[in-house]
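Structure below is run-v2.tsv: TSV, C-alpha atoms.
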```tsv
chain	number	residue	atom	x	y	z
A	1	MET	CA	0.00	0.00	0.00
A	2	GLN	CA	1.19	3.49	-0.85
A	3	PRO	CA	2.02	5.81	2.05
A	4	ILE	CA	-0.54	8.46	2.94
A	5	GLN	CA	1.00	11.87	3.48
A	6	SER	CA	-0.34	13.92	6.35
A	7	ILE	CA	0.74	17.36	7.56
A	8	GLY	CA	4.39	16.92	8.49
A	9	TYR	CA	4.54	13.13	8.57
A	10	PRO	CA	3.84	10.02	6.48
A	11	ILE	CA	1.49	7.15	7.35
A	12	ASN	CA	3.27	4.00	6.17
A	13	PHE	CA	1.92	0.48	5.84
A	14	GLY	CA	3.14	-3.11	6.15
A	15	GLU	CA	6.66	-4.46	5.86
A	16	LYS	CA	7.76	-1.65	3.55
A	17	GLY	CA	6.94	0.66	6.44
A	18	TYR	CA	9.57	-1.01	8.64
A	19	GLU	CA	12.22	-0.37	6.01
A	20	LEU	CA	11.20	3.29	5.87
A	21	LEU	CA	11.27	3.42	9.68
A	22	SER	CA	14.81	2.06	9.89
A	23	ASN	CA	16.00	4.47	7.21
A	24	PHE	CA	14.37	7.38	9.03
A	25	ILE	CA	16.06	6.50	12.33
A	26	GLU	CA	19.49	6.28	10.74
A	27	GLU	CA	19.07	9.50	8.78
A	28	ASN	CA	18.14	11.46	11.91
A	29	TYR	CA	21.06	10.37	14.11
A	30	TYR	CA	19.01	9.77	17.26
A	31	SER	CA	21.02	9.39	20.45
A	32	ASN	CA	18.89	6.54	21.76
A	33	ILE	CA	15.46	4.98	21.36
A	34	PHE	CA	12.74	4.41	23.93
A	35	ILE	CA	9.75	2.16	23.24
A	36	ILE	CA	6.61	2.54	25.36
A	37	VAL	CA	4.48	-0.59	25.61
A	38	ASP	CA	1.83	-1.93	27.95
A	39	ASP	CA	1.94	-5.41	29.47
A	40	LYS	CA	-0.06	-6.86	26.56
A	41	THR	CA	1.89	-5.30	23.70
A	42	ASN	CA	5.12	-6.18	25.47
A	43	GLU	CA	4.10	-9.83	25.36
A	44	PHE	CA	2.33	-10.08	22.00
A	45	CYS	CA	3.60	-7.23	19.77
A	46	LEU	CA	7.13	-6.29	20.80
A	47	PRO	CA	8.57	-9.69	19.68
A	48	ARG	CA	7.25	-9.01	16.18
A	49	PHE	CA	8.41	-5.41	16.11
A	50	LEU	CA	12.00	-5.63	17.35
A	51	PRO	CA	13.38	-7.85	14.54
A	52	PHE	CA	12.27	-5.21	12.02
A	53	LEU	CA	14.04	-2.40	13.87
A	54	ALA	CA	17.36	-2.34	12.03
A	55	THR	CA	19.49	-0.05	14.17
A	56	GLU	CA	22.54	-0.16	16.41
A	57	LYS	CA	21.16	2.57	18.65
A	58	THR	CA	20.57	1.81	22.33
A	59	ILE	CA	16.96	0.66	22.84
A	60	GLU	CA	15.15	0.87	26.17
A	61	ILE	CA	11.69	-0.62	26.80
A	62	ILE	CA	9.31	1.19	29.15
A	63	GLU	CA	6.25	-0.85	30.17
A	64	ILE	CA	3.05	0.37	31.80
A	65	ALA	CA	-0.06	-1.55	32.79
A	66	SER	CA	-2.79	-1.77	30.17
A	67	GLY	CA	-6.10	0.03	30.35
A	68	GLU	CA	-7.69	3.48	30.25
A	69	CYS	CA	-7.10	3.89	34.00
A	70	GLU	CA	-3.36	4.28	33.27
A	71	LYS	CA	-3.92	7.31	31.03
A	72	ASN	CA	-3.22	9.97	33.64
A	73	ILE	CA	-0.63	12.48	34.80
A	74	THR	CA	0.70	10.09	37.46
A	75	THR	CA	1.76	7.65	34.74
A	76	CYS	CA	3.35	10.53	32.80
A	77	VAL	CA	5.40	11.59	35.81
A	78	GLU	CA	6.64	8.02	36.26
A	79	ILE	CA	7.75	7.82	32.63
A	80	TRP	CA	9.29	11.32	32.62
A	81	ASN	CA	11.36	10.19	35.63
A	82	ILE	CA	12.37	6.96	33.88
A	83	LEU	CA	13.42	8.85	30.76
A	84	THR	CA	15.49	11.20	32.91
A	85	GLU	CA	17.14	8.35	34.81
A	86	LEU	CA	17.99	6.55	31.57
A	87	GLY	CA	19.63	9.63	30.07
A	88	ALA	CA	17.06	10.67	27.49
A	89	ASP	CA	17.92	13.95	25.78
A	90	ARG	CA	16.51	16.22	23.09
A	91	LYS	CA	17.83	13.85	20.40
A	92	SER	CA	16.08	10.80	21.83
A	93	LEU	CA	13.25	9.11	19.93
A	94	LEU	CA	10.11	7.73	21.59
A	95	ILE	CA	8.23	4.93	19.82
A	96	ASN	CA	4.67	4.26	20.97
A	97	LEU	CA	3.86	0.59	20.35
A	98	GLY	CA	0.31	-0.13	21.42
A	99	GLY	CA	-3.33	0.85	21.30
A	100	GLY	CA	-5.12	4.13	21.82
A	101	VAL	CA	-3.94	4.64	25.38
A	102	ILE	CA	-0.28	4.18	24.39
A	103	SER	CA	-0.67	6.51	21.38
A	104	ASP	CA	-2.38	9.21	23.44
A	105	ILE	CA	-0.14	9.15	26.49
A	106	GLY	CA	3.08	8.43	24.57
A	107	GLY	CA	2.56	11.38	22.28
A	108	PHE	CA	1.81	13.63	25.26
A	109	ILE	CA	4.91	12.46	27.13
A	110	ALA	CA	7.13	13.04	24.09
A	111	SER	CA	5.58	16.44	23.36
A	112	THR	CA	6.30	17.72	26.88
A	113	PHE	CA	9.58	16.03	27.87
A	114	LYS	CA	12.41	18.60	27.58
A	115	ARG	CA	9.90	20.78	25.67
A	116	GLY	CA	9.44	18.09	23.06
A	117	ILE	CA	11.23	15.10	21.57
A	118	ASP	CA	10.40	13.19	18.39
A	119	PHE	CA	7.95	10.31	18.53
A	120	ILE	CA	6.55	7.66	16.20
A	121	ASN	CA	3.24	5.83	16.54
A	122	ILE	CA	3.00	2.12	15.75
A	123	PRO	CA	-0.63	1.22	16.53
A	124	THR	CA	-1.38	-2.39	17.44
A	125	THR	CA	-5.18	-2.20	17.82
A	126	LEU	CA	-7.77	-1.47	15.17
A	127	LEU	CA	-8.97	1.57	17.11
A	128	ALA	CA	-5.47	3.03	17.23
A	129	MET	CA	-4.83	2.27	13.56
A	130	VAL	CA	-7.88	4.10	12.22
A	131	ASP	CA	-8.15	6.81	14.86
A	132	ALA	CA	-5.88	7.42	17.88
A	133	SER	CA	-2.49	7.26	16.14
A	134	ILE	CA	-3.44	9.77	13.43
A	135	GLY	CA	-3.99	13.51	13.64
A	136	GLY	CA	-1.67	14.62	16.42
A	137	LYS	CA	-4.07	14.60	19.37
A	138	ASN	CA	-2.14	13.55	22.46
A	139	GLY	CA	-3.28	13.67	26.05
A	140	VAL	CA	-4.46	12.13	29.28
A	141	ASP	CA	-7.63	11.93	31.30
A	142	LEU	CA	-8.32	14.15	34.31
A	143	GLY	CA	-9.91	11.82	36.81
A	144	ASN	CA	-12.77	10.23	34.90
A	145	LEU	CA	-12.95	13.06	32.34
A	146	LYS	CA	-11.67	11.92	28.96
A	147	ASN	CA	-8.70	13.68	27.33
A	148	GLN	CA	-8.99	16.88	29.38
A	149	ILE	CA	-5.23	17.54	29.38
A	150	GLY	CA	-3.29	17.42	26.13
A	151	VAL	CA	-1.68	18.97	23.10
A	152	ILE	CA	-1.91	18.74	19.33
A	153	ASN	CA	1.52	17.70	18.09
A	154	VAL	CA	2.15	15.34	15.19
A	155	PRO	CA	4.42	12.28	15.19
A	156	LYS	CA	7.33	11.93	12.79
A	157	MET	CA	5.74	8.82	11.30
A	158	VAL	CA	2.84	6.39	11.75
A	159	LEU	CA	3.40	2.76	10.78
A	160	ILE	CA	0.33	0.55	10.37
A	161	ASP	CA	0.84	-3.22	10.27
A	162	SER	CA	-2.43	-5.17	10.38
A	163	ASN	CA	-0.59	-8.34	11.42
A	164	TYR	CA	-0.77	-7.06	14.99
A	165	LEU	CA	-4.55	-7.53	14.84
A	166	GLU	CA	-4.08	-11.30	14.95
A	167	THR	CA	-3.40	-10.95	18.69
A	168	LEU	CA	-6.48	-8.79	19.33
A	169	PRO	CA	-9.60	-10.04	21.20
A	170	GLN	CA	-12.88	-9.74	19.31
A	171	ALA	CA	-14.15	-7.06	21.69
A	172	GLU	CA	-11.16	-4.86	20.80
A	173	MET	CA	-11.76	-5.45	17.09
A	174	ARG	CA	-15.37	-4.32	17.49
A	175	SER	CA	-14.16	-1.26	19.39
A	176	GLY	CA	-12.08	-0.19	16.41
A	177	LEU	CA	-14.87	-1.00	14.00
A	178	ALA	CA	-16.99	1.71	15.64
A	179	GLU	CA	-14.60	4.39	14.39
A	180	MET	CA	-14.62	2.89	10.89
A	181	LEU	CA	-18.43	2.99	10.85
A	182	LYS	CA	-18.24	6.61	12.00
A	183	HIS	CA	-15.95	7.55	9.12
A	184	GLY	CA	-18.50	6.22	6.65
A	185	LEU	CA	-21.40	7.97	8.35
A	186	ILE	CA	-19.74	11.39	8.43
A	187	PHE	CA	-17.86	11.38	5.14
A	188	ASP	CA	-18.45	8.54	2.68
A	189	LYS	CA	-21.82	6.86	2.18
A	190	ILE	CA	-20.31	4.28	-0.19
A	191	TYR	CA	-17.83	3.29	2.52
A	192	TRP	CA	-20.69	3.06	5.06
A	193	ASN	CA	-22.60	0.81	2.67
A	194	GLN	CA	-19.66	-1.61	2.61
A	195	PHE	CA	-20.52	-2.35	6.23
A	196	SER	CA	-24.26	-2.80	5.60
A	197	ASP	CA	-23.88	-6.57	5.90
A	198	LEU	CA	-21.02	-7.17	8.27
A	199	LYS	CA	-21.33	-10.92	7.94
A	200	ALA	CA	-20.52	-10.61	4.24
A	201	ILE	CA	-17.28	-8.68	4.72
A	202	ASP	CA	-14.24	-10.49	3.38
A	203	PHE	CA	-11.73	-9.96	6.15
A	204	ALA	CA	-8.99	-11.07	3.77
A	205	ASP	CA	-9.48	-7.63	2.23
A	206	PHE	CA	-9.70	-5.86	5.58
A	207	ASP	CA	-6.47	-3.96	4.89
A	208	ALA	CA	-8.28	-2.02	2.17
A	209	LEU	CA	-11.04	-1.03	4.61
A	210	ILE	CA	-8.44	0.11	7.15
A	211	TYR	CA	-6.62	2.07	4.46
A	212	ARG	CA	-9.81	3.90	3.43
A	213	SER	CA	-10.67	4.70	7.03
A	214	VAL	CA	-7.20	6.15	7.62
A	215	ALA	CA	-7.50	8.18	4.41
A	216	ILE	CA	-10.86	9.63	5.50
A	217	LYS	CA	-9.61	10.73	8.89
A	218	ASN	CA	-6.43	12.15	7.41
A	219	GLU	CA	-8.33	14.10	4.75
A	220	ILE	CA	-10.51	15.74	7.42
A	221	VAL	CA	-7.55	16.50	9.70
A	222	MET	CA	-5.55	18.07	6.86
A	223	GLN	CA	-8.40	20.51	6.20
A	224	ASP	CA	-8.50	21.58	9.86
A	225	PRO	CA	-5.47	20.48	11.93
A	226	THR	CA	-6.38	22.39	15.10
A	227	GLU	CA	-10.12	21.55	15.16
A	228	ASN	CA	-11.61	24.98	14.58
A	229	GLY	CA	-14.05	23.77	11.95
A	230	ILE	CA	-14.61	20.60	9.93
A	231	ARG	CA	-12.40	18.42	12.14
A	232	LYS	CA	-15.22	18.61	14.69
A	233	ALA	CA	-17.00	16.14	12.38
A	234	LEU	CA	-14.80	13.42	13.84
A	235	ASN	CA	-16.56	13.97	17.18
A	236	PHE	CA	-19.82	12.47	15.90
A	237	GLY	CA	-20.95	9.99	18.55
A	238	HIS	CA	-18.30	11.22	20.96
A	239	THR	CA	-20.17	13.95	22.84
A	240	LEU	CA	-22.57	11.48	24.45
A	241	GLY	CA	-20.18	8.57	23.93
A	242	HIS	CA	-17.42	10.13	26.05
A	243	ALA	CA	-19.90	11.07	28.79
A	244	ILE	CA	-21.16	7.48	28.86
A	245	GLU	CA	-17.62	6.11	28.86
A	246	SER	CA	-16.63	8.40	31.74
A	247	TYR	CA	-19.76	7.56	33.75
A	248	PHE	CA	-19.22	3.82	33.40
A	249	LEU	CA	-15.53	4.23	34.22
A	250	GLU	CA	-16.21	5.94	37.56
A	251	ASN	CA	-19.23	3.86	38.58
A	252	ASP	CA	-18.34	0.67	40.44
A	253	THR	CA	-21.76	-0.84	39.71
A	254	LYS	CA	-21.21	-0.60	35.94
A	255	LYS	CA	-19.07	-2.70	33.64
A	256	THR	CA	-16.31	-0.54	32.14
A	257	LEU	CA	-16.94	0.06	28.45
A	258	LEU	CA	-14.30	0.00	25.75
A	259	HIS	CA	-14.00	3.29	23.89
A	260	GLY	CA	-15.64	1.91	20.75
A	261	GLU	CA	-18.49	0.37	22.72
A	262	ALA	CA	-19.33	3.76	24.22
A	263	ILE	CA	-18.96	5.53	20.87
A	264	ALA	CA	-21.30	3.01	19.22
A	265	ILE	CA	-24.00	3.99	21.74
A	266	GLY	CA	-23.17	7.65	21.19
A	267	MET	CA	-23.59	7.28	17.42
A	268	ILE	CA	-27.05	5.75	17.83
A	269	LEU	CA	-28.12	8.46	20.28
A	270	GLU	CA	-26.73	11.30	18.17
A	271	SER	CA	-28.29	9.81	15.04
A	272	HIS	CA	-31.64	9.94	16.84
A	273	ILE	CA	-31.01	13.60	17.70
A	274	SER	CA	-30.12	14.18	14.02
A	275	MET	CA	-33.51	12.67	13.12
A	276	GLN	CA	-35.32	14.84	15.68
A	277	LYS	CA	-33.72	17.92	14.07
A	278	ASN	CA	-34.83	16.68	10.60
A	279	LEU	CA	-31.24	16.26	9.44
A	280	ILE	CA	-31.75	12.57	8.59
A	281	SER	CA	-34.87	10.58	7.80
A	282	LYS	CA	-36.44	7.98	10.07
A	283	ALA	CA	-35.43	5.29	7.56
A	284	GLU	CA	-31.79	6.43	7.72
A	285	TYR	CA	-31.90	6.42	11.51
A	286	ILE	CA	-33.33	2.89	11.65
A	287	GLU	CA	-30.66	1.71	9.20
A	288	ILE	CA	-27.92	3.18	11.39
A	289	LYS	CA	-29.40	1.85	14.63
A	290	ASN	CA	-29.96	-1.67	13.31
A	291	ASN	CA	-26.53	-1.91	11.73
A	292	ILE	CA	-24.68	-0.75	14.83
A	293	LYS	CA	-26.78	-2.90	17.16
A	294	SER	CA	-26.02	-5.93	14.98
A	295	VAL	CA	-22.38	-5.57	16.07
A	296	PHE	CA	-22.56	-4.16	19.59
A	297	GLU	CA	-24.56	-5.71	22.40
A	298	PRO	CA	-27.08	-3.30	23.94
A	299	VAL	CA	-26.13	-1.64	27.22
A	300	ILE	CA	-28.76	-1.19	29.92
A	301	PHE	CA	-29.39	2.35	31.14
A	302	GLU	CA	-31.50	2.92	34.23
A	303	LYS	CA	-33.42	6.12	34.85
A	304	LYS	CA	-30.95	7.11	37.58
A	305	ASP	CA	-28.06	6.95	35.08
A	306	LEU	CA	-29.26	9.70	32.77
A	307	GLN	CA	-28.78	12.81	34.89
A	308	PRO	CA	-25.14	11.99	35.84
A	309	ILE	CA	-24.41	11.42	32.14
A	310	LEU	CA	-26.04	14.75	31.24
A	311	ASP	CA	-23.99	16.45	33.96
A	312	LEU	CA	-20.78	15.15	32.38
A	313	LEU	CA	-21.61	16.78	29.03
A	314	ILE	CA	-20.61	20.20	30.35
A	315	HIS	CA	-16.97	19.06	30.36
A	316	ASP	CA	-16.94	18.17	26.65
A	317	LYS	CA	-14.04	19.90	24.89
A	318	LYS	CA	-16.21	21.12	21.98
A	319	ASN	CA	-18.37	23.26	24.24
A	320	GLU	CA	-18.28	27.01	23.69
A	321	TYR	CA	-19.69	29.73	25.94
A	322	GLY	CA	-21.22	27.09	28.21
A	323	LYS	CA	-23.26	25.51	25.40
A	324	ILE	CA	-22.96	21.83	24.50
A	325	GLN	CA	-21.91	21.38	20.87
A	326	PHE	CA	-22.79	18.30	18.83
A	327	ALA	CA	-21.54	17.07	15.47
A	328	LEU	CA	-24.68	15.58	13.90
A	329	LEU	CA	-25.39	13.78	10.65
A	330	ASP	CA	-26.78	15.79	7.75
A	331	GLY	CA	-27.77	12.70	5.81
A	332	ILE	CA	-25.55	9.61	5.70
A	333	GLY	CA	-22.10	10.64	4.52
A	334	LYS	CA	-22.39	14.30	5.55
A	335	ILE	CA	-22.09	16.21	8.81
A	336	ALA	CA	-23.46	19.33	10.49
A	337	ILE	CA	-21.14	20.76	13.16
A	338	ASN	CA	-21.85	23.17	16.04
A	339	GLN	CA	-25.34	21.78	16.62
A	340	HIS	CA	-27.27	22.14	19.87
A	341	ALA	CA	-29.69	19.70	21.49
A	342	ASP	CA	-31.73	20.18	24.65
A	343	ASN	CA	-32.15	17.61	27.42
A	344	GLU	CA	-35.58	16.64	26.09
A	345	MET	CA	-34.01	15.55	22.79
A	346	ILE	CA	-31.25	13.67	24.58
A	347	ASN	CA	-33.71	11.88	26.87
A	348	ALA	CA	-35.84	10.92	23.87
A	349	ALA	CA	-32.76	9.43	22.21
A	350	PHE	CA	-32.02	7.33	25.31
A	351	GLU	CA	-35.63	6.14	25.44
A	352	ASP	CA	-35.49	5.02	21.82
A	353	TYR	CA	-32.12	3.30	22.36
A	354	LYS	CA	-33.79	1.02	24.91
A	355	THR	CA	-36.27	-0.30	22.34
```
Could you spell out this file's structure in structure tokens?
Amino acid sequence: MQPIQSIGYPINFGEKGYELLSNFIEENYYSNIFIIVDDKTNEFCLPRFLPFLATEKTIEIIEIASGECEKNITTCVEIWNILTELGADRKSLLINLGGGVISDIGGFIASTFKRGIDFINIPTTLLAMVDASIGGKNGVDLGNLKNQIGVINVPKMVLIDSNYLETLPQAEMRSGLAEMLKHGLIFDKIYWNQFSDLKAIDFADFDALIYRSVAIKNEIVMQDPTENGIRKALNFGHTLGHAIESYFLENDTKKTLLHGEAIAIGMILESHISMQKNLISKAEYIEIKNNIKSVFEPVIFEKKDLQPILDLLIHDKKNEYGKIQFALLDGIGKIAINQHADNEMINAAFEDYKT
């Protein structure tokens, strides 16, 4: 597959990407290399990655525990201290080998250590491949609030190798699929239609679906790198999805949701709001709802859950002047940004989700 050029960095694919990575490292005369992994990618992905890394530079592995709960400032401080103790300098390179948490926190650590060192993202989950590793958003959670602290700073390279997906549990694959469905809904109806019968998808050709999803996100990001306009489209499903994810993360009586599981719910809810605002038809809404629910098991919401979720919406990063901003569908394949919805609309969406 041909590389995709983003703003300031290439997105490379497959074994050719490893050759380009090794060449890049040698050409830039890095002093040493640090690889951030979690306990899972250390076991399942690092053994595949290291043989491709053709370099005589000193390599240090930094491991953290897996999971969203590790994406916080405390973890950053621990890694900043480790980098300092191991002699990292401004000419060090940080490689983030892992899923969305590793991409987000690794990019943030690199962007802030000694006012910024180079980093490269090598995503190992479907979610990270089609979303987290691309676009330069790096950050950590503040308590249970998603991605409240962060920067926009691009990597020097992204390398996507779908062979890492062979180690991925089905739940994690579904989590990434949510972002691929989103890309079709907001940008490319033909791409969305390719997922209309998920049972018929030939996963031997899944690389092509990943490639298209990456291209869609990159095209949107290149139009609006700092999210002042059209890049807000990528937040479809995330306003309510992030609030749901945060609520389930902090509530001991709830099962923690994967990011994609929460976003899948958010996309159904925000599609219903789109229908209420006459931006999509009822038939389009039912198509979206049925297709997403065919992949993701329904989550039970009790009446007592709704107000805490609504309360969390005020912390959404898209909000302006105290008003909650939604990115809603304007027909399948198009988006309407900076949309407002009142609590009555949101409650109606939750009621319909239950049916």
(request) Using only C-alpha atoms, determine which residues lie at most 9 Å from Ile268 (chain A), disregarding the query and same-chain residues fewer than 3 positions distant; provide the list as a PyMOL selection string. (result) chain A and resi 237+263-265+271-273+285+288-289+292-293+349+353
(message) Just checking: using only C-alpha atoms, which residue out of A:Leu177, A:Val140, A:Ile220, A:Leu310 ends up closest to Thr239 (chain A)?
(response)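 With only C-alpha atoms as the atom set, the closest residue is A:Leu310.
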(request) Considering only C-alpha atoms, state which residue in the set A:Asn72, A:Asn343, A:Thr84, A:Thr125 is at the smallest distance from Asp161 (chain A). (result)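 Comparing A:Asn72, A:Asn343, A:Thr84, A:Thr125 against Asp161 (chain A), the winner is A:Thr125.
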Residues of region 62-112 of chain A at most 9 Å from region 27-31 of chain A: nearest atom pair and distance in Å, all atoms listed in the file, as JSON lines:
```
{"residue": "A:Ala88", "atom": "CA", "partner": "A:Ser31", "partner_atom": "CA", "distance": 8.2}
{"residue": "A:Asp89", "atom": "CA", "partner": "A:Ser31", "partner_atom": "CA", "distance": 7.7}
{"residue": "A:Arg90", "atom": "CA", "partner": "A:Ser31", "partner_atom": "CA", "distance": 8.6}
{"residue": "A:Lys91", "atom": "CA", "partner": "A:Tyr30", "partner_atom": "CA", "distance": 5.3}
{"residue": "A:Ser92", "atom": "CA", "partner": "A:Ser31", "partner_atom": "CA", "distance": 5.3}
{"residue": "A:Leu93", "atom": "CA", "partner": "A:Tyr30", "partner_atom": "CA", "distance": 6.4}
```
(request) Enter the distance from CA of Ala341 (chain A) to CA of Asn147 (chain A), in Å, rounded to one decimal. (result)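 If I compute the distance from CA of Ala341 (chain A) to CA of Asn147 (chain A), I get 22.6 Å.
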(request) Please identify all polymer residues lying at most 12 Å from the point (8.6, -6.6, 19.0) (file coordinates), using all atoms listed in the file, and present the result as number ranges by chain. (result) A: 18, 35-37, 40-54, 59, 61, 95-98, 122, 124, 164
